[in-house]
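Note: the block below is input26.txt and it holds compact mmCIF, C-alpha atoms.
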# COMPACT_ATOMS: atom_id res chain seq x y z
CA MET A 863 17.22 2.92 -30.43
CA SER A 864 15.29 5.84 -28.98
CA VAL A 865 13.95 5.46 -25.42
CA GLU A 866 11.67 7.99 -23.73
CA LEU A 867 11.04 7.96 -19.99
CA ILE A 868 7.73 9.80 -19.78
CA LYS A 869 6.41 9.79 -16.23
CA GLY A 870 6.07 7.99 -12.92
CA SER A 871 3.08 7.53 -10.69
CA HIS A 872 2.56 7.18 -6.94
CA PHE A 873 6.20 7.43 -5.86
CA ARG A 874 6.55 7.65 -2.09
CA ASN A 875 9.34 8.78 0.17
CA LEU A 876 9.24 6.13 2.88
CA ALA A 877 11.72 7.85 5.20
CA LEU A 878 10.01 11.26 5.25
CA HIS A 879 6.44 12.43 4.96
CA ARG A 880 7.02 14.44 1.80
CA PRO A 881 7.17 13.53 -1.90
CA PRO A 882 10.52 12.11 -3.08
CA ASP A 883 13.19 13.69 -5.28
CA THR A 884 13.49 11.11 -8.07
CA TYR A 885 15.43 10.47 -11.26
CA GLY A 886 15.62 7.67 -13.79
CA CYS A 887 18.69 5.73 -14.84
CA LEU A 888 18.67 3.78 -18.13
CA THR A 889 21.43 1.21 -18.59
CA LEU A 890 21.99 -0.82 -21.74
CA LEU A 891 23.61 -4.20 -21.05
CA ASN A 892 25.14 -6.69 -23.48
CA SER A 893 24.31 -10.41 -23.55
CA VAL A 894 26.62 -11.21 -20.61
CA GLY A 895 25.39 -8.32 -18.43
CA GLN A 896 28.20 -5.85 -19.08
CA GLU A 897 27.27 -2.18 -19.33
CA ILE A 898 27.35 -0.76 -22.86
CA SER A 899 25.86 2.65 -22.13
CA ARG A 900 24.13 4.59 -19.34
CA CYS A 901 21.95 7.72 -19.22
CA LYS A 902 20.20 9.60 -16.40
CA THR A 903 17.27 11.97 -16.30
CA SER A 904 17.41 15.19 -14.34
CA VAL A 905 16.04 15.11 -10.78
CA ARG A 906 12.35 15.84 -10.25
CA ARG A 907 12.07 17.41 -6.81
CA GLY A 908 9.16 16.72 -4.47
CA GLN A 909 6.89 15.07 -7.01
CA PRO A 910 4.95 11.87 -6.24
CA ASN A 911 3.92 11.72 -9.94
CA PRO A 912 6.99 13.07 -11.74
CA VAL A 913 6.91 13.94 -15.43
CA TYR A 914 10.31 13.27 -17.00
CA LYS A 915 9.61 13.44 -20.77
CA GLU A 916 13.27 12.83 -21.57
CA THR A 917 14.46 10.90 -24.62
CA PHE A 918 17.73 8.98 -24.86
CA ILE A 919 19.42 7.50 -27.92
CA PHE A 920 21.30 4.21 -27.68
CA GLN A 921 23.47 3.01 -30.57
CA VAL A 922 22.17 -0.52 -31.19
CA ALA A 923 22.12 -2.33 -34.52
CA LEU A 924 18.85 -4.01 -35.50
CA PHE A 925 20.44 -7.46 -35.33
CA GLN A 926 21.66 -6.75 -31.76
CA LEU A 927 18.20 -6.05 -30.30
CA SER A 928 17.71 -9.71 -29.34
CA ASP A 929 20.99 -9.75 -27.41
CA VAL A 930 20.74 -6.64 -25.23
CA THR A 931 18.85 -5.70 -22.07
CA LEU A 932 17.61 -2.21 -21.15
CA LEU A 933 17.53 -1.76 -17.38
CA VAL A 934 15.31 1.12 -16.21
CA SER A 935 15.81 2.10 -12.57
CA ILE A 936 14.18 4.88 -10.57
CA TYR A 937 16.08 6.37 -7.65
CA ASN A 938 15.14 8.65 -4.76
CA ARG A 939 17.94 11.14 -4.20
CA ARG A 940 18.38 11.69 -0.49
CA SER A 941 20.50 14.15 1.41
CA MET A 942 24.30 14.24 1.10
CA LYS A 943 24.38 12.60 -2.36
CA ARG A 944 22.95 9.31 -1.09
CA LYS A 945 20.41 7.50 -3.20
CA GLU A 946 17.99 4.64 -2.76
CA MET A 947 16.34 2.64 -5.50
CA VAL A 948 12.58 3.08 -5.74
CA GLY A 949 12.20 0.25 -8.25
CA TRP A 950 13.26 -1.15 -11.60
CA ILE A 951 12.26 -3.05 -14.74
CA ALA A 952 14.26 -4.74 -17.49
CA LEU A 953 13.33 -5.07 -21.15
CA GLY A 954 15.03 -7.17 -23.81
CA GLN A 955 17.05 -10.36 -23.54
CA ASN A 956 16.65 -10.56 -19.75
CA SER A 957 13.21 -8.98 -19.36
CA SER A 958 11.92 -8.75 -15.80
CA GLY A 959 8.43 -9.97 -16.71
CA GLU A 960 5.97 -10.95 -19.39
CA GLU A 961 4.71 -7.38 -19.99
CA GLU A 962 8.28 -6.16 -20.47
CA GLN A 963 9.05 -9.02 -22.87
CA LEU A 964 5.90 -8.21 -24.90
CA HIS A 965 6.83 -4.51 -25.01
CA TRP A 966 10.31 -5.35 -26.32
CA GLN A 967 8.89 -7.74 -28.93
CA ASP A 968 6.36 -5.12 -30.08
CA MET A 969 9.16 -2.55 -30.33
CA LYS A 970 11.31 -4.89 -32.46
CA GLU A 971 8.38 -5.50 -34.83
CA SER A 972 7.21 -1.86 -34.98
CA ARG A 973 9.50 -0.84 -37.87
CA GLY A 974 10.46 2.50 -36.33
CA GLN A 975 7.07 3.40 -34.87
CA GLN A 976 6.96 4.43 -31.21
CA VAL A 977 5.65 1.78 -28.81
CA CYS A 978 4.51 3.22 -25.47
CA ARG A 979 3.56 1.17 -22.37
CA TRP A 980 3.09 1.61 -18.63
CA HIS A 981 5.11 -0.73 -16.41
CA PHE A 982 4.92 -1.55 -12.72
CA LEU A 983 8.30 -1.19 -11.04
CA LEU A 984 9.74 -4.15 -9.20
CA GLU A 985 10.88 -3.41 -5.68
CA ALA A 986 14.58 -2.92 -5.15
Please rewrite the model in this file as structure tokens.
Amino acid sequence: MSVELIKGSHFRNLALHRPPDTYGCLTLLNSVGQEISRCKTSVRRGQPNPVYKETFIFQVALFQLSDVTLLVSIYNRRSMKRKEMVGWIALGQNSSGEEEQLHWQDMKESRGQQVCRWHFLLEA
């Protein structure tokens, strides 16, 4: 399964009055919530509308797609290696909403074609 994190929009740094330093974390979970695999984007510094355009490959068999969850989290990297979650979504078995469930269903039925959607992050 190929997953591309393309861009974010309107990210704010609540603690400071400057754009945040953000990165994305993609975690693939099995049917009982255990981590199978994890990937991170590089940090985008000082960008309220960061462009990531990074693609990640997860080894998932076609028959397993109904039993896994892809958790997409965006973090603001703060000073001294601390981080705070900006927001998250989940797609797959434990989708975080109807739009995410529809995106996953469309992806499963797309027969290898890319399916691209915008998603609103849920607050951490």
For Ser935 (chain A), work out the shell of residues within 7 Å, counting all atoms listed in the file and skipping chain neighbours fewer than 5 positions away, then give it as a PDB file with C-alpha atoms, in the coordinates of the input.
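Okay, this is what ended up in selection-v3.pdb:
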ATOM      1  CA  GLY A 886      15.620   7.670 -13.790  1.00  0.00           C
ATOM      2  CA  CYS A 887      18.690   5.730 -14.840  1.00  0.00           C
ATOM      3  CA  LEU A 888      18.670   3.780 -18.130  1.00  0.00           C
ATOM      4  CA  GLY A 949      12.200   0.250  -8.250  1.00  0.00           C
ATOM      5  CA  TRP A 950      13.260  -1.150 -11.600  1.00  0.00           C
ATOM      6  CA  ILE A 951      12.260  -3.050 -14.740  1.00  0.00           C
TER       7      ILE A 951
END
*With distances taken over only C-alpha atoms, which of A:Leu964, A:Cys978, A:Leu867, A:Leu983 is nearest to Ser904 (chain A)?*
A:Leu867
*Between A:Phe982, A:Ala952, A:Gly959, A:Glu916, single out the one closest to His872 (chain A), counting all atoms listed in the file.*
A:Phe982
*asked:* Counting only C-alpha atoms, which residue out of A:Ile919, A:Val913, A:Val905, A:Leu890 sits closest to Leu953 (chain A)?
replied: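 Between A:Ile919, A:Val913, A:Val905, A:Leu890, the residue approaching Leu953 (chain A) most closely is A:Leu890.
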*Between A:Ser864, A:Gln963, A:Thr889, A:Gln926, which one has atoms that come closest to Gln975 (chain A), using only C-alpha atoms?*
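The answer is A:Ser864, which sits nearest to Gln975 (chain A).
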_Pairwise distance for CA of Gln955 (chain A) and CA of Phe925 (chain A), rounded to one decimal in Å_ =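 CA of Phe925 (chain A) lies 12.6 Å from CA of Gln955 (chain A).
Of the listed residues A:Pro912, A:Pro882, A:Gly954, A:Gly895, the one whose atoms come nearest to Gly870 (chain A) is A:Pro912, with distances taken using all atoms listed in the file.
Counting all atoms listed in the file, the residue from A:Ile868, A:Val934, A:Leu924, A:Pro910 that sits nearest to Ser972 (chain A) is A:Leu924.
In this structure, CA of Gln909 (chain A) sits 7.8 Å away from CA of Thr884 (chain A).
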*Between CA of Glu960 (chain A) and CA of Lys915 (chain A), distance in Å (one decimal)*: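 Answer for the CA of Glu960 (chain A) to CA of Lys915 (chain A) separation: 24.7 Å.
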*Would you mind listing what lies within 10 Å of Asp929 (chain A) as a list in words, with all atoms listed in the file counted and same-chain residues fewer than 5 positions away left out?*
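Near Asp929 (chain A), the qualifying residues are Leu891, Asn892, Ser893, Val894, Gly954, Gln955 and Asn956 of chain A.
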